[in-house]
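Trainee: Here it is, the structure in full.
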Amino acid sequence: MSWCLRIPEALLRAIRADLSRPHAFAAERVGFVEAALGNKDAEEKLILASAYVPVPDAEYIDDPTVGARIGGAPIRRAVERALTGRTGVFHVHAHEHGGRPRFSGIDLTEIPPIVRSLRVAGRTQPHGALLLSRDAAAAMVWLPGSDAPNISGRITIVGRPMRFLENASDHGRV
Amino acid sequence: MDIPDDILAELRALGRKVQRFDEAGKTYIYVEGHQLPEGCDPPMADVLLCPQERDGYPSRLFFSQRVTSASGRQFVHEARIAERQWYAISWRVDRTDLRPAQLIAAHLRALR
Amino acid sequence: MDASDVDRQGFLGSGFALARRVARIGAVGVSGGGSHIVQQLAHLGFDRVTMFDADVFGKENLHRHVGARHADIAAQTKKVAIGQRVYDDVRPNAIVRPVDKRWQDRADLLRSCDLVIGCIDTFEGRKEIETTARRYLIPYIDIGMDVFTVQGAPPRVVGQMALSLPGGPCLECLSVVTERELAQEASRYGGKVIRQQVVNANGQLASAAIGVALDVLCGWSGDLKPPILLQYDGNRCTIERSRKLNGREHVRCPHFPACEVGDPIGIDL
């Protein structure tokens with residue numbers, strides 16, 4: 001089973017613009033991307049990004065040991081969106097370098113519990129994490145019914161021009 | 001589309017499930033398992049009401065399959081809505097003051 | 001694919017080299033204008049193409065279906081089989097899926113495409129492809145032509161090529177598909193209209209569509225700025241920016257909001 005995450009270019013620009021804004025004390029920003037499942041009966045599922053929900057400045061927690069720590073409120077709101085069953089939710093943040101981004105050890109510790117909550121709330125939609133670099137992207141996707149993240153997918157930026165990325169490699173640049 | 005409770009109750013009485021779908025600028029009301037007029041084969045079908053103008057009709061009722069009926073009207077239209085194929089006859093209901101359940105009934109008269 | 005093949009089209013840039021290898025292109029309707037689309041995709045080197053056409057080739061298609069042979073008439077060759085043959089002759093290692101059905105009967109395959117080009121006869125058909133394309137975030141390029149009889153004057157050959165890009169103006173915003181035309185079609189009770197076509201007009205429109213597809217897929221020129229709606233005048237042999245775009249350059253499409261993506265989920269009432 002594989003997936004294709006399609007992100008409209010205008011949405012990606014909005015995500016980048018928000019994530020690149022400086023914060024008073026957090027080294028990084030995070031947000032949540034809403035994305036719905038498509039072609040659910042096909043071998044390659046589609047994940048269709050539709051909206052970005054930033055985390056307000058006041059909802060970050062000052063923790064110098066990590067790039068960004070957010071409070072419970074933005075996560076609760078993300079879970080509420082997942083509860084509708086109409087959209088999946090993806091945690092998103094960015095690493096400020098070029099080339100293929102990799103989830104850090106902290107990412108792999110901190111993000112899965114958030115995704116677990118999303119998956120409990122919205123079992124019929126995909127959830128996961130999206131990581132952007134300056135010119136590429138990577139995702140971990142939990143498809144409905146799967147307990148383990150799936151990285152066998154591709155990411156397509158839908159705009160002019162389109163950009164095609166293989167999730168597990170760095171063929172393309174966003 | 002905010003639907004008053006009494007109108008919702010009328011719709012819910014029509015079938016197993018009643019839902020709203022929005023697509024391409026139009027709103028549709030879906031009724032799963034709606035009883036069709038006597039003499040229809042099959043006797044029951046899912047129906048999809050478009051209560052606003054579509055294809056030159058003030059409103060349209062689509063069926064999940066072609067139905068043979070006492071009226072003998074042919075299902076000459078096919079449309080794809082919300083990723084399903086739907087079928088319709090050529091039948092015009094010019095009333096715009098009907099509640100959704102009444103509008104569905106008015107369309108179903110074409111099958112009598 | 002060897003280096004010389006890439007180099008001859010090298011001006012299209014590295015984005016093109018990647019796109020033609022990985023992009024999944026859908027072609028709906030592969031006769032007439034669609035036959036040019038298939039031919040050009042093959043020569044350009046696109047490796048993943050899905051063709052949809054339920055029809056069988058007939059004598060009435062011979063004048064406008066590039067790649068067809070006279071023998072296809074008696075053989076009643078499926079139109080997608082002709083497309084497959086064209087592809088096999090040019091690019092035998094490409095992954096081609098010939099679907100001899102309406103696309104609606106294999107919508108899963110259309111949804112899997114990254115870009116779709118439609119060459120079909122009806123306005124309702126155009127709207128249906130576009131609606132699915134928007135729902136699954138697929139750029140859609142549409143072409144069409146018609147011949148009008150004008151009393152006391154030569155016939156007028158006209159056509160258009162439209163790009164429907166998710167987030168941008170749709171075919172209704174661009175007045176390519178209107179309620180009036182949909183109503184007229186519906187009033188014919190499903191009767192098919194035989195539209196006149198000619199191979200040179202189809203070729204011009206199809207070439208424009210491929211040009212726009214290349215721009216969408218790899219942005220090589222930077223010159224084409226959406227919205228893109230081209231009007232074709234077959235009498236003067238011109239393709240130019242449509243006057244319908246005047247004043248609509250910054251239209252925000254109200255018909256396909258960003259939230260209406262993915263497999264449809266009804267709202268319980």
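In the structure tokens, each chain is lettered A, B, ... as it comes, each chain's residues begin at 1, and ligands are numbered from 1 in order of appearance.
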Write down as a PyMOL selection string the residues of stretch 16-261 of chain C whose backbone DSSP state falls under strand (DSSP E or B).
Mentor: chain C and resi 24-28+48-52+56+78+95-99+115-118+140-148+156-164+229-233+238-241
Trainee: Write a file of the selected residues as a PDB file, in the first residue's frame, keeping C-alpha atoms.
Mentor:
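Output saved as selection_10.pdb:
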ATOM      1  CA  ARG C  24       0.954  10.220 -14.433  1.00  0.00           C
ATOM      2  CA  ILE C  25      -0.936  11.768 -17.295  1.00  0.00           C
ATOM      3  CA  GLY C  26      -4.563  10.985 -18.029  1.00  0.00           C
ATOM      4  CA  ALA C  27      -6.069  11.471 -21.485  1.00  0.00           C
ATOM      5  CA  VAL C  28      -9.852  11.337 -21.629  1.00  0.00           C
ATOM      6  CA  ARG C  48       3.067   6.963 -17.528  1.00  0.00           C
ATOM      7  CA  VAL C  49      -0.124   7.553 -19.470  1.00  0.00           C
ATOM      8  CA  THR C  50      -3.654   6.330 -18.889  1.00  0.00           C
ATOM      9  CA  MET C  51      -6.089   6.638 -21.796  1.00  0.00           C
ATOM     10  CA  PHE C  52      -9.851   6.514 -21.420  1.00  0.00           C
ATOM     11  CA  VAL C  56     -14.506   1.635 -31.209  1.00  0.00           C
ATOM     12  CA  LYS C  78     -10.769   0.099 -29.953  1.00  0.00           C
ATOM     13  CA  ILE C  95       3.669   2.298 -18.768  1.00  0.00           C
ATOM     14  CA  VAL C  96       0.480   2.800 -20.744  1.00  0.00           C
ATOM     15  CA  ARG C  97      -2.950   1.885 -19.446  1.00  0.00           C
ATOM     16  CA  PRO C  98      -5.549   1.734 -22.217  1.00  0.00           C
ATOM     17  CA  VAL C  99      -8.963   1.844 -20.548  1.00  0.00           C
ATOM     18  CA  LEU C 115      -2.672  15.843 -14.692  1.00  0.00           C
ATOM     19  CA  VAL C 116      -5.618  15.160 -16.987  1.00  0.00           C
ATOM     20  CA  ILE C 117      -6.257  16.358 -20.529  1.00  0.00           C
ATOM     21  CA  GLY C 118      -9.818  16.060 -21.786  1.00  0.00           C
ATOM     22  CA  TYR C 140      -7.259  19.663 -15.828  1.00  0.00           C
ATOM     23  CA  ILE C 141      -6.738  20.874 -19.399  1.00  0.00           C
ATOM     24  CA  ASP C 142      -9.748  20.909 -21.695  1.00  0.00           C
ATOM     25  CA  ILE C 143      -9.951  21.395 -25.431  1.00  0.00           C
ATOM     26  CA  GLY C 144     -12.879  21.572 -27.764  1.00  0.00           C
ATOM     27  CA  MET C 145     -13.813  22.809 -31.203  1.00  0.00           C
ATOM     28  CA  ASP C 146     -16.959  23.362 -33.209  1.00  0.00           C
ATOM     29  CA  VAL C 147     -18.012  24.461 -36.674  1.00  0.00           C
ATOM     30  CA  PHE C 148     -20.862  26.939 -36.994  1.00  0.00           C
ATOM     31  CA  ARG C 156     -16.781  29.527 -38.679  1.00  0.00           C
ATOM     32  CA  VAL C 157     -14.354  27.123 -37.057  1.00  0.00           C
ATOM     33  CA  VAL C 158     -13.836  27.928 -33.403  1.00  0.00           C
ATOM     34  CA  GLY C 159     -12.413  26.286 -30.342  1.00  0.00           C
ATOM     35  CA  GLN C 160     -10.887  26.820 -26.958  1.00  0.00           C
ATOM     36  CA  MET C 161      -8.265  25.438 -24.641  1.00  0.00           C
ATOM     37  CA  ALA C 162      -8.751  25.983 -20.945  1.00  0.00           C
ATOM     38  CA  LEU C 163      -6.644  25.201 -17.893  1.00  0.00           C
ATOM     39  CA  SER C 164      -8.557  24.432 -14.706  1.00  0.00           C
ATOM     40  CA  LEU C 229      -7.938  30.306 -21.614  1.00  0.00           C
ATOM     41  CA  LEU C 230      -7.036  30.323 -25.283  1.00  0.00           C
ATOM     42  CA  GLN C 231      -9.470  30.876 -28.090  1.00  0.00           C
ATOM     43  CA  TYR C 232      -8.982  29.303 -31.460  1.00  0.00           C
ATOM     44  CA  ASP C 233     -10.088  30.874 -34.711  1.00  0.00           C
ATOM     45  CA  THR C 238      -4.924  31.826 -34.745  1.00  0.00           C
ATOM     46  CA  ILE C 239      -4.776  30.809 -31.108  1.00  0.00           C
ATOM     47  CA  GLU C 240      -4.693  33.682 -28.677  1.00  0.00           C
ATOM     48  CA  ARG C 241      -5.592  34.678 -25.170  1.00  0.00           C
TER      49      ARG C 241
END
Trainee: Tell me, as an MDAnalysis selection string, which residues lie within 10 Å of A:Gln125, counting only C-alpha atoms; anything in the same chain fewer than 4 positions away does not count.
Mentor: chainID A and resid 35:38 40 47 82:89 118:119 121 142:145
Trainee: Output N, CA and C atoms of each residue in that selection to a file, as a PDB file, in the first residue's frame.
Mentor:
ATOM      1  N   ALA A  35      -5.996  17.380   5.832  1.00  0.00           N
ATOM      2  CA  ALA A  35      -5.901  16.672   4.549  1.00  0.00           C
ATOM      3  C   ALA A  35      -6.869  15.499   4.555  1.00  0.00           C
ATOM      4  N   ALA A  36      -7.636  15.375   3.493  1.00  0.00           N
ATOM      5  CA  ALA A  36      -8.670  14.341   3.441  1.00  0.00           C
ATOM      6  C   ALA A  36      -8.218  13.160   2.600  1.00  0.00           C
ATOM      7  N   LEU A  37      -8.774  12.025   2.941  1.00  0.00           N
ATOM      8  CA  LEU A  37      -8.470  10.790   2.208  1.00  0.00           C
ATOM      9  C   LEU A  37      -9.200  10.776   0.872  1.00  0.00           C
ATOM     10  N   GLY A  38      -8.520  10.303  -0.159  1.00  0.00           N
ATOM     11  CA  GLY A  38      -9.144  10.162  -1.464  1.00  0.00           C
ATOM     12  C   GLY A  38      -8.773   8.845  -2.098  1.00  0.00           C
ATOM     13  N   LYS A  40      -9.930   5.916  -1.679  1.00  0.00           N
ATOM     14  CA  LYS A  40      -9.636   5.069  -0.529  1.00  0.00           C
ATOM     15  C   LYS A  40      -9.557   3.596  -0.877  1.00  0.00           C
ATOM     16  N   ILE A  47      -3.989  11.638  -0.395  1.00  0.00           N
ATOM     17  CA  ILE A  47      -4.152  12.471   0.800  1.00  0.00           C
ATOM     18  C   ILE A  47      -4.143  13.901   0.293  1.00  0.00           C
ATOM     19  N   ALA A  82     -10.195  16.215  13.837  1.00  0.00           N
ATOM     20  CA  ALA A  82     -10.133  14.804  13.442  1.00  0.00           C
ATOM     21  C   ALA A  82     -11.429  14.073  13.824  1.00  0.00           C
ATOM     22  N   LEU A  83     -12.023  14.495  14.930  1.00  0.00           N
ATOM     23  CA  LEU A  83     -13.259  13.851  15.407  1.00  0.00           C
ATOM     24  C   LEU A  83     -14.397  13.971  14.412  1.00  0.00           C
ATOM     25  N   THR A  84     -14.380  15.015  13.579  1.00  0.00           N
ATOM     26  CA  THR A  84     -15.465  15.177  12.614  1.00  0.00           C
ATOM     27  C   THR A  84     -15.470  14.032  11.616  1.00  0.00           C
ATOM     28  N   GLY A  85     -14.305  13.373  11.466  1.00  0.00           N
ATOM     29  CA  GLY A  85     -14.218  12.286  10.495  1.00  0.00           C
ATOM     30  C   GLY A  85     -14.123  12.765   9.059  1.00  0.00           C
ATOM     31  N   ARG A  86     -14.079  14.079   8.876  1.00  0.00           N
ATOM     32  CA  ARG A  86     -14.123  14.591   7.523  1.00  0.00           C
ATOM     33  C   ARG A  86     -12.727  14.941   7.009  1.00  0.00           C
ATOM     34  N   THR A  87     -11.752  14.955   7.907  1.00  0.00           N
ATOM     35  CA  THR A  87     -10.405  15.311   7.477  1.00  0.00           C
ATOM     36  C   THR A  87      -9.370  14.618   8.339  1.00  0.00           C
ATOM     37  N   GLY A  88      -8.220  14.372   7.747  1.00  0.00           N
ATOM     38  CA  GLY A  88      -7.090  13.930   8.528  1.00  0.00           C
ATOM     39  C   GLY A  88      -6.310  15.163   8.962  1.00  0.00           C
ATOM     40  N   VAL A  89      -5.417  14.976   9.917  1.00  0.00           N
ATOM     41  CA  VAL A  89      -4.619  16.092  10.428  1.00  0.00           C
ATOM     42  C   VAL A  89      -3.159  15.678  10.458  1.00  0.00           C
ATOM     43  N   LEU A 118      -4.865  11.711  17.369  1.00  0.00           N
ATOM     44  CA  LEU A 118      -5.622  12.028  16.153  1.00  0.00           C
ATOM     45  C   LEU A 118      -6.257  10.764  15.579  1.00  0.00           C
ATOM     46  N   ARG A 119      -5.497   9.679  15.605  1.00  0.00           N
ATOM     47  CA  ARG A 119      -5.996   8.435  15.026  1.00  0.00           C
ATOM     48  C   ARG A 119      -7.142   7.857  15.828  1.00  0.00           C
ATOM     49  N   ALA A 121      -9.276   9.649  17.429  1.00  0.00           N
ATOM     50  CA  ALA A 121     -10.417  10.533  17.168  1.00  0.00           C
ATOM     51  C   ALA A 121     -11.002  10.335  15.780  1.00  0.00           C
ATOM     52  N   TRP A 142       0.062   7.735   8.730  1.00  0.00           N
ATOM     53  CA  TRP A 142      -0.667   6.596   9.265  1.00  0.00           C
ATOM     54  C   TRP A 142      -1.979   6.510   8.490  1.00  0.00           C
ATOM     55  N   LEU A 143      -2.056   5.530   7.611  1.00  0.00           N
ATOM     56  CA  LEU A 143      -3.290   5.347   6.852  1.00  0.00           C
ATOM     57  C   LEU A 143      -4.353   4.714   7.747  1.00  0.00           C
ATOM     58  N   PRO A 144      -5.623   4.907   7.428  1.00  0.00           N
ATOM     59  CA  PRO A 144      -6.678   4.299   8.255  1.00  0.00           C
ATOM     60  C   PRO A 144      -6.457   2.801   8.383  1.00  0.00           C
ATOM     61  N   GLY A 145      -6.526   2.327   9.602  1.00  0.00           N
ATOM     62  CA  GLY A 145      -6.379   0.894   9.836  1.00  0.00           C
ATOM     63  C   GLY A 145      -4.949   0.438  10.027  1.00  0.00           C
TER      64      GLY A 145
END
Trainee: Quick one: residues within 7 Å of A:Pro8, only C-alpha atoms counted, chain neighbours fewer than 4 positions away excluded, as a VMD selection string?
Mentor: chain A and resid 12 157 to 159
Trainee: What does the file look like for those residues with N, CA and C atoms, as an mmCIF file, in the first residue's frame?
Mentor:
data_model
loop_
_atom_site.group_PDB
_atom_site.id
_atom_site.type_symbol
_atom_site.label_atom_id
_atom_site.label_comp_id
_atom_site.auth_asym_id
_atom_site.auth_seq_id
_atom_site.Cartn_x
_atom_site.Cartn_y
_atom_site.Cartn_z
ATOM 1 N N LEU A 12 0.951 25.513 0.448
ATOM 2 C CA LEU A 12 2.337 25.305 0.888
ATOM 3 C C LEU A 12 3.021 26.645 1.172
ATOM 4 N N ILE A 157 3.311 18.730 -5.250
ATOM 5 C CA ILE A 157 2.877 20.102 -5.020
ATOM 6 C C ILE A 157 2.094 20.516 -6.252
ATOM 7 N N VAL A 158 0.840 20.854 -6.038
ATOM 8 C CA VAL A 158 -0.055 21.108 -7.166
ATOM 9 C C VAL A 158 -0.106 22.608 -7.421
ATOM 10 N N GLY A 159 0.542 22.995 -8.471
ATOM 11 C CA GLY A 159 0.563 24.411 -8.808
ATOM 12 C C GLY A 159 1.190 24.552 -10.170
#
Trainee: Need to verify the contact set: stretch 20-33 of chain B, 7 Å, only C-alpha atoms, exclusion of same-chain residues closer than 4 positions in sequence. Can you return it as a list in words?
Mentor: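 Neighbouring residues, sequence-local ones excluded: Gly15, Arg16, Met44, Ala45, Asp46, Val47, Leu48, Leu49, Cys50, Pro51 and Ala82 of chain B; Thr131, Pro254, His255, Phe256, Gly266, Ile267, Asp268 and Leu269 of chain C.
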Trainee: Limited to C-alpha atoms, could you put the picked residues into a file as a compact mmCIF listing (two decimals), in the first residue's frame?
Mentor:
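Dumped to part32.txt:
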# COMPACT_ATOMS: atom_id res chain seq x y z
CA GLY B 15 -35.32 6.83 4.25
CA ARG B 16 -32.59 5.12 6.24
CA MET B 44 -36.75 1.35 -3.43
CA ALA B 45 -33.72 3.43 -4.43
CA ASP B 46 -31.36 6.05 -3.14
CA VAL B 47 -32.36 9.48 -4.36
CA LEU B 48 -30.48 12.74 -4.63
CA LEU B 49 -32.42 15.99 -4.71
CA CYS B 50 -30.93 19.14 -6.17
CA PRO B 51 -33.34 21.77 -4.86
CA ALA B 82 -20.33 13.13 -5.42
CA THR C 131 -15.38 18.22 -10.76
CA PRO C 254 -16.54 30.15 -5.72
CA HIS C 255 -17.54 26.78 -7.17
CA PHE C 256 -14.77 24.58 -5.78
CA GLY C 266 -22.16 13.58 3.37
CA ILE C 267 -23.21 15.73 6.27
CA ASP C 268 -25.82 13.88 8.31
CA LEU C 269 -29.08 15.81 8.51
Trainee: Which value, in Å to one decimal, gives the distance between atom CA of A:Lys45 and atom CA of A:Ile151?
Mentor: 12.5 Å
Trainee: Identify all chain C residues at most 6 Å from chain A by counting only C-alpha atoms; ligands do not count. Present them as a list in words.
Mentor: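 Applying the cut-off to the listed atoms yields Val216, Leu217, Cys218, Gly219, Ala258, Cys259, Gly262 and Asp263 of chain C.
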Trainee: Just list as a PDB file with N, CA and C atoms, in the first residue's frame whatever in stretch 72-169 of chain C DSSP marks as alpha helix (DSSP H).
Mentor:
ATOM      1  N   ASP C  72      -8.130  -0.392 -39.436  1.00  0.00           N
ATOM      2  CA  ASP C  72      -8.807  -0.334 -38.131  1.00  0.00           C
ATOM      3  C   ASP C  72     -10.325  -0.291 -38.289  1.00  0.00           C
ATOM      4  N   ILE C  73     -10.781   0.107 -39.470  1.00  0.00           N
ATOM      5  CA  ILE C  73     -12.234   0.188 -39.675  1.00  0.00           C
ATOM      6  C   ILE C  73     -12.829  -1.221 -39.626  1.00  0.00           C
ATOM      7  N   ALA C  74     -12.342  -2.072 -40.489  1.00  0.00           N
ATOM      8  CA  ALA C  74     -12.860  -3.448 -40.527  1.00  0.00           C
ATOM      9  C   ALA C  74     -12.553  -4.197 -39.245  1.00  0.00           C
ATOM     10  N   ALA C  75     -11.410  -3.887 -38.675  1.00  0.00           N
ATOM     11  CA  ALA C  75     -11.000  -4.580 -37.440  1.00  0.00           C
ATOM     12  C   ALA C  75     -11.779  -4.082 -36.236  1.00  0.00           C
ATOM     13  N   LYS C  79     -10.422   2.466 -29.788  1.00  0.00           N
ATOM     14  CA  LYS C  79      -9.646   3.708 -29.916  1.00  0.00           C
ATOM     15  C   LYS C  79      -8.446   3.714 -28.978  1.00  0.00           C
ATOM     16  N   VAL C  80      -8.619   3.183 -27.786  1.00  0.00           N
ATOM     17  CA  VAL C  80      -7.476   3.154 -26.867  1.00  0.00           C
ATOM     18  C   VAL C  80      -6.400   2.189 -27.365  1.00  0.00           C
ATOM     19  N   ALA C  81      -6.803   1.182 -28.126  1.00  0.00           N
ATOM     20  CA  ALA C  81      -5.810   0.253 -28.686  1.00  0.00           C
ATOM     21  C   ALA C  81      -4.967   0.968 -29.737  1.00  0.00           C
ATOM     22  N   ILE C  82      -5.581   1.885 -30.471  1.00  0.00           N
ATOM     23  CA  ILE C  82      -4.811   2.679 -31.431  1.00  0.00           C
ATOM     24  C   ILE C  82      -3.821   3.555 -30.670  1.00  0.00           C
ATOM     25  N   GLY C  83      -4.284   4.153 -29.576  1.00  0.00           N
ATOM     26  CA  GLY C  83      -3.392   4.960 -28.751  1.00  0.00           C
ATOM     27  C   GLY C  83      -2.244   4.154 -28.192  1.00  0.00           C
ATOM     28  N   GLN C  84      -2.547   2.949 -27.755  1.00  0.00           N
ATOM     29  CA  GLN C  84      -1.498   2.069 -27.238  1.00  0.00           C
ATOM     30  C   GLN C  84      -0.494   1.741 -28.345  1.00  0.00           C
ATOM     31  N   ARG C  85      -1.005   1.532 -29.516  1.00  0.00           N
ATOM     32  CA  ARG C  85      -0.134   1.200 -30.652  1.00  0.00           C
ATOM     33  C   ARG C  85       0.791   2.364 -30.981  1.00  0.00           C
ATOM     34  N   VAL C  86       0.239   3.560 -30.996  1.00  0.00           N
ATOM     35  CA  VAL C  86       1.058   4.753 -31.245  1.00  0.00           C
ATOM     36  C   VAL C  86       2.162   4.836 -30.204  1.00  0.00           C
ATOM     37  N   TYR C  87       1.794   4.591 -28.966  1.00  0.00           N
ATOM     38  CA  TYR C  87       2.784   4.667 -27.883  1.00  0.00           C
ATOM     39  C   TYR C  87       3.835   3.560 -28.039  1.00  0.00           C
ATOM     40  N   ASP C  88       3.386   2.367 -28.329  1.00  0.00           N
ATOM     41  CA  ASP C  88       4.318   1.243 -28.457  1.00  0.00           C
ATOM     42  C   ASP C  88       5.321   1.488 -29.571  1.00  0.00           C
ATOM     43  N   ASP C  89       4.862   2.160 -30.632  1.00  0.00           N
ATOM     44  CA  ASP C  89       5.767   2.403 -31.768  1.00  0.00           C
ATOM     45  C   ASP C  89       6.836   3.431 -31.423  1.00  0.00           C
ATOM     46  N   VAL C  90       6.519   4.323 -30.486  1.00  0.00           N
ATOM     47  CA  VAL C  90       7.451   5.407 -30.170  1.00  0.00           C
ATOM     48  C   VAL C  90       8.212   5.131 -28.881  1.00  0.00           C
ATOM     49  N   ALA C 107     -13.018   5.359 -12.321  1.00  0.00           N
ATOM     50  CA  ALA C 107     -12.660   6.671 -11.762  1.00  0.00           C
ATOM     51  C   ALA C 107     -11.420   6.577 -10.885  1.00  0.00           C
ATOM     52  N   ASP C 108     -11.190   5.397 -10.297  1.00  0.00           N
ATOM     53  CA  ASP C 108      -9.993   5.235  -9.463  1.00  0.00           C
ATOM     54  C   ASP C 108      -8.725   5.515 -10.265  1.00  0.00           C
ATOM     55  N   LEU C 109      -8.738   5.142 -11.546  1.00  0.00           N
ATOM     56  CA  LEU C 109      -7.559   5.372 -12.374  1.00  0.00           C
ATOM     57  C   LEU C 109      -7.417   6.852 -12.740  1.00  0.00           C
ATOM     58  N   LEU C 110      -8.531   7.514 -12.967  1.00  0.00           N
ATOM     59  CA  LEU C 110      -8.443   8.949 -13.259  1.00  0.00           C
ATOM     60  C   LEU C 110      -7.920   9.701 -12.055  1.00  0.00           C
ATOM     61  N   ARG C 111      -8.413   9.337 -10.886  1.00  0.00           N
ATOM     62  CA  ARG C 111      -7.993  10.033  -9.660  1.00  0.00           C
ATOM     63  C   ARG C 111      -6.498   9.886  -9.417  1.00  0.00           C
ATOM     64  N   PHE C 123     -20.578  19.378 -22.792  1.00  0.00           N
ATOM     65  CA  PHE C 123     -20.288  20.292 -21.690  1.00  0.00           C
ATOM     66  C   PHE C 123     -20.457  19.581 -20.348  1.00  0.00           C
ATOM     67  N   GLU C 124     -21.481  18.749 -20.262  1.00  0.00           N
ATOM     68  CA  GLU C 124     -21.668  17.991 -19.018  1.00  0.00           C
ATOM     69  C   GLU C 124     -20.454  17.096 -18.766  1.00  0.00           C
ATOM     70  N   GLY C 125     -19.956  16.489 -19.823  1.00  0.00           N
ATOM     71  CA  GLY C 125     -18.786  15.636 -19.683  1.00  0.00           C
ATOM     72  C   GLY C 125     -17.580  16.405 -19.182  1.00  0.00           C
ATOM     73  N   ARG C 126     -17.393  17.602 -19.699  1.00  0.00           N
ATOM     74  CA  ARG C 126     -16.278  18.445 -19.259  1.00  0.00           C
ATOM     75  C   ARG C 126     -16.411  18.767 -17.778  1.00  0.00           C
ATOM     76  N   LYS C 127     -17.619  19.144 -17.427  1.00  0.00           N
ATOM     77  CA  LYS C 127     -17.860  19.542 -16.027  1.00  0.00           C
ATOM     78  C   LYS C 127     -17.628  18.362 -15.084  1.00  0.00           C
ATOM     79  N   GLU C 128     -18.010  17.182 -15.511  1.00  0.00           N
ATOM     80  CA  GLU C 128     -17.828  16.016 -14.639  1.00  0.00           C
ATOM     81  C   GLU C 128     -16.354  15.698 -14.439  1.00  0.00           C
ATOM     82  N   ILE C 129     -15.590  15.748 -15.510  1.00  0.00           N
ATOM     83  CA  ILE C 129     -14.151  15.480 -15.349  1.00  0.00           C
ATOM     84  C   ILE C 129     -13.549  16.534 -14.432  1.00  0.00           C
ATOM     85  N   GLU C 130     -13.888  17.781 -14.696  1.00  0.00           N
ATOM     86  CA  GLU C 130     -13.315  18.868 -13.888  1.00  0.00           C
ATOM     87  C   GLU C 130     -13.697  18.729 -12.419  1.00  0.00           C
ATOM     88  N   THR C 131     -14.930  18.351 -12.151  1.00  0.00           N
ATOM     89  CA  THR C 131     -15.381  18.217 -10.764  1.00  0.00           C
ATOM     90  C   THR C 131     -14.557  17.158 -10.035  1.00  0.00           C
ATOM     91  N   THR C 132     -14.332  16.035 -10.686  1.00  0.00           N
ATOM     92  CA  THR C 132     -13.478  15.016 -10.071  1.00  0.00           C
ATOM     93  C   THR C 132     -12.045  15.508  -9.957  1.00  0.00           C
ATOM     94  N   ALA C 133     -11.569  16.186 -10.988  1.00  0.00           N
ATOM     95  CA  ALA C 133     -10.195  16.689 -10.946  1.00  0.00           C
ATOM     96  C   ALA C 133     -10.009  17.670  -9.782  1.00  0.00           C
ATOM     97  N   ARG C 134     -10.967  18.526  -9.550  1.00  0.00           N
ATOM     98  CA  ARG C 134     -10.862  19.488  -8.461  1.00  0.00           C
ATOM     99  C   ARG C 134     -10.898  18.785  -7.112  1.00  0.00           C
ATOM    100  N   ARG C 135     -11.749  17.775  -7.020  1.00  0.00           N
ATOM    101  CA  ARG C 135     -11.897  17.064  -5.745  1.00  0.00           C
ATOM    102  C   ARG C 135     -10.593  16.354  -5.379  1.00  0.00           C
TER     103      ARG C 135
END
Trainee: Tell me which of C:Ser14, C:Thr149, C:Gln9, C:Gln184 sits closest to chain B, counting only C-alpha atoms.
Mentor: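 Closest candidate: C:Gln184.
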Trainee: Find, counting only C-alpha atoms, the residue in B:Gln35, B:Ser59, B:Gln85, B:Gln65 that gets nearest to chain C.
Mentor: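 Once distances to chain C are computed over only C-alpha atoms, the minimum belongs to B:Gln85.
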Trainee: Could you name the residues that touch stretch 70-78 of chain B at 8 Å or less, counting only C-alpha atoms, but leaving out those on the same chain fewer than 6 positions away, as an MDAnalysis selection string?
Mentor: (chainID B and resid 38:40 85:90 110:112) or (chainID C and resid 186 189:190)
Trainee: Please produce an output containing N, CA and C atoms for each residue in the selection, written as a short mmCIF file (atom, residue, chain, number, x, y, z; two decimals), in the first residue's frame.
Mentor:
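Everything below was put into again-v1.cif:
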data_model
loop_
_atom_site.label_atom_id
_atom_site.label_comp_id
_atom_site.auth_asym_id
_atom_site.auth_seq_id
_atom_site.Cartn_x
_atom_site.Cartn_y
_atom_site.Cartn_z
N GLU B 38 -45.82 2.80 -6.25
CA GLU B 38 -46.23 1.43 -6.56
C GLU B 38 -46.01 1.15 -8.04
N GLY B 39 -45.57 -0.04 -8.32
CA GLY B 39 -45.32 -0.42 -9.70
C GLY B 39 -43.90 -0.19 -10.14
N CYS B 40 -43.09 0.41 -9.30
CA CYS B 40 -41.70 0.66 -9.67
C CYS B 40 -40.84 -0.58 -9.40
N GLN B 85 -22.63 7.58 -9.94
CA GLN B 85 -23.45 7.79 -11.12
C GLN B 85 -24.91 7.87 -10.68
N TRP B 86 -25.63 8.80 -11.25
CA TRP B 86 -27.04 9.02 -10.93
C TRP B 86 -27.83 9.14 -12.22
N TYR B 87 -29.12 8.86 -12.13
CA TYR B 87 -29.97 8.80 -13.31
C TYR B 87 -31.22 9.62 -13.08
N ALA B 88 -31.70 10.24 -14.15
CA ALA B 88 -32.87 11.11 -13.99
C ALA B 88 -33.74 11.02 -15.23
N ILE B 89 -35.02 11.29 -15.02
CA ILE B 89 -35.95 11.41 -16.15
C ILE B 89 -36.09 12.89 -16.47
N SER B 90 -36.73 13.17 -17.58
CA SER B 90 -37.01 14.55 -17.91
C SER B 90 -38.37 14.90 -17.32
N ALA B 110 -43.77 11.61 -11.24
CA ALA B 110 -43.44 11.25 -12.62
C ALA B 110 -43.39 9.75 -12.84
N LEU B 111 -43.26 9.00 -11.74
CA LEU B 111 -43.15 7.56 -11.87
C LEU B 111 -44.49 6.84 -11.65
N ARG B 112 -45.53 7.63 -11.45
CA ARG B 112 -46.84 6.97 -11.20
C ARG B 112 -47.47 6.60 -12.53
N ALA C 186 -29.12 19.16 -21.84
CA ALA C 186 -30.09 18.34 -21.12
C ALA C 186 -31.40 18.26 -21.90
N TYR C 189 -32.21 15.43 -24.28
CA TYR C 189 -32.54 14.13 -23.69
C TYR C 189 -31.47 13.09 -23.98
N GLY C 190 -30.22 13.49 -23.90
CA GLY C 190 -29.13 12.53 -24.05
C GLY C 190 -28.79 12.22 -25.49
#
